[in-house]
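Asks: Before I ask anything, here is the structure I am working with.
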Amino acid sequence: MAQHELIDQTTYDPNRLLDALLEKMSLKNDAALSRMLEVAPPVISKIRHRRLPIGASLLIRMHETTGMSIRDLRDLMGDRRTKYRLSDAQGKPKPAPETNAPAALH
């Protein structure tokens, strides 16, 4: 099974982020963290053991529940990527539809 590119980064440390969330929210353990983030406990375990990267939806959920900025959350986990691009087509304007109708005469 191929690993996600983020997991392969040498600076990536999801435990630092998870531990910071535990401290900030005054939680006792990962089970309490999973309840706060509304994810199954195995998700937190897989992230801790680097079998699952922290995805965008979970990062947004962390932002919503803690009030921390996405940038701060990414810095805590060691994600140093500066840009995200989901696909080459994303963000490009759609081509204007061509019309074959003749111009109206006045």
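FYI, nothing fancy with the structure tokens labels: chains A, B, ... in order, residues from 1 per chain, ligands from 1 as they appear.
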Please provide the set of residues having any atom within 12 Å of Ile60 of chain A, restricted to only C-alpha atoms, with same-chain residues fewer than 6 positions apart removed, written as a list in words.
Replies: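 Here the answer would be Leu37, Ile54, Thr66, Gly67, Met68, Ser69, Ile70, Arg71, Asp72, Leu73 and Arg74 of chain A.
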Asks: Identify which of the residues A:Ser45, A:Ala56, A:Gly78, A:Pro14 lies closest to Asn29 of chain A, counting only C-alpha atoms when measuring atom-to-atom distances.
Replies: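 Ranked by minimum distance to Asn29 of chain A, first place goes to A:Ser45.
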Asks: Could you jot down the atom CA of Asp79 of chain A to atom CA of His49 of chain A separation for me, Å, one decimal place?
Replies: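 Those two atoms sit 16.3 Å apart.
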Asks: Separation of atom CA of Val43 of chain A and atom CA of Gly55 of chain A, in Å?
Replies: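 Atom CA of Gly55 of chain A lies 10.8 Å from atom CA of Val43 of chain A.
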